[in-house]
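Undergrad: Please read through the structure below; I'll follow up with questions.
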Amino acid sequence: MNEIRAQLDKIVKDLTGERFAAELRAARQVYYAATGEIFEDDASFETRMITFLEWFVFDRPLARGVVPIRAYLEDHAADFSPEEREMTEALLHQRHGLYRVKKAKPPVLNLKD
């Protein structure tokens, strides 16, 4: 699991760097419009920042029409070891989202996306 976390940290570092600064600013405006602005003194600051970064990396299309993690995979494909490629592909194909449990009656969960 630490290898996956390290790979994800590497991806996030690249995607939040200068190369994607304009995309990140635009994403932040959209995110804040939908969820409200995030302030450093909020008790939920860290959680909301993580949620924003996950949304940006996995869900929000860039101007070029792909989500950032796909762009990272395309841009760095030649640099990957087979293990890094496998981990990044696995991250790309994860199902991401926030769900609220509406009703839990095992073995059934009623969720709201």
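Identifiers in this document derive from the order of the structure tokens: chains are assigned A, B, ..., residues are numbered from 1 separately in each chain, and ligands are numbered from 1 in order of occurrence.
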Can you list, as number ranges by chain, every protein, DNA or RNA residue that comes within 9 Å of A:Ala27 when you count only C-alpha atoms, leaving out same-chain residues fewer than 3 positions away?
TA: A: 22-24, 30-32, 52, 56, 60, 62
Undergrad: Closest to A:Asp75 among A:Asp14, A:Asp42, A:Asp59, A:Asp113, using only C-alpha atoms?
TA: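 Smallest distance to A:Asp75 is found for A:Asp14.
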Undergrad: Identify which of the residues A:Gln29, A:Val12, A:Glu3, A:His93 lies closest to A:Ile50, counting only C-alpha atoms when measuring atom-to-atom distances.
TA: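 That would be A:Val12, the residue with the smallest distance to A:Ile50.
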Undergrad: What lies within 8 Å of A:Thr88 using only C-alpha atoms, ignoring chain neighbours under 2 positions off, as a ChimeraX atom specification?
TA: /A:7-8,69,73,84-86,90-92
Undergrad: If you run DSSP over the backbone, which residues in chain A end up strand (DSSP E or B)? Put them as number ranges by chain.
TA: A: 100-105, 108-112
Undergrad: Write out as a PyMOL selection string all residues of stretch 21-79 of chain A that backbone DSSP assigns to alpha helix (DSSP H).
TA: chain A and resi 21-35+45-58+68-76
Undergrad: Select, from A:Val67, A:Leu53, A:Ile38, A:Val108, the residue with the minimum atom-to-atom distance to A:Asp9, counting only C-alpha atoms.
TA: A:Leu53
Undergrad: Residues at most 10 Å from A:Ala71, counting only C-alpha atoms, excluding those fewer than 4 positions away in the same chain, as a ChimeraX atom specification?
TA: /A:15,57,61-62,64-67,75-77
Undergrad: So what do you get for atom CA of A:Glu54 versus atom CA of A:Asp79, distance-wise?
TA: 23.2 Å
Undergrad: In Å to one decimal, how far is atom CA of A:Met87 from atom CA of A:Ile4?
TA: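 Computing the Euclidean distance for atom CA of A:Ile4 and atom CA of A:Met87 yields 6.4 Å.
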Undergrad: Using only C-alpha atoms, find the one residue out of A:Glu40, A:Phe58, A:Arg19, A:Thr51 that sits nearest to A:Arg95.
TA: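 Comparing A:Glu40, A:Phe58, A:Arg19, A:Thr51 against A:Arg95, the winner is A:Phe58.
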Undergrad: For A:Lys112, list every protein, DNA or RNA residue within 9 Å, evaluated using only C-alpha atoms, and leave out those in the same chain fewer than 5 positions away; present the list as a list in words.
TA: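 Non-adjacent residues within range: Leu98, Tyr99, Arg100, Val101 and Lys102 of chain A.
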Undergrad: Using Å and a single decimal, report how far atom CA of A:Gln94 sits from atom CA of A:Arg70.
TA: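 So the two atoms, atom CA of A:Arg70 and atom CA of A:Gln94, lie 12.2 Å apart.
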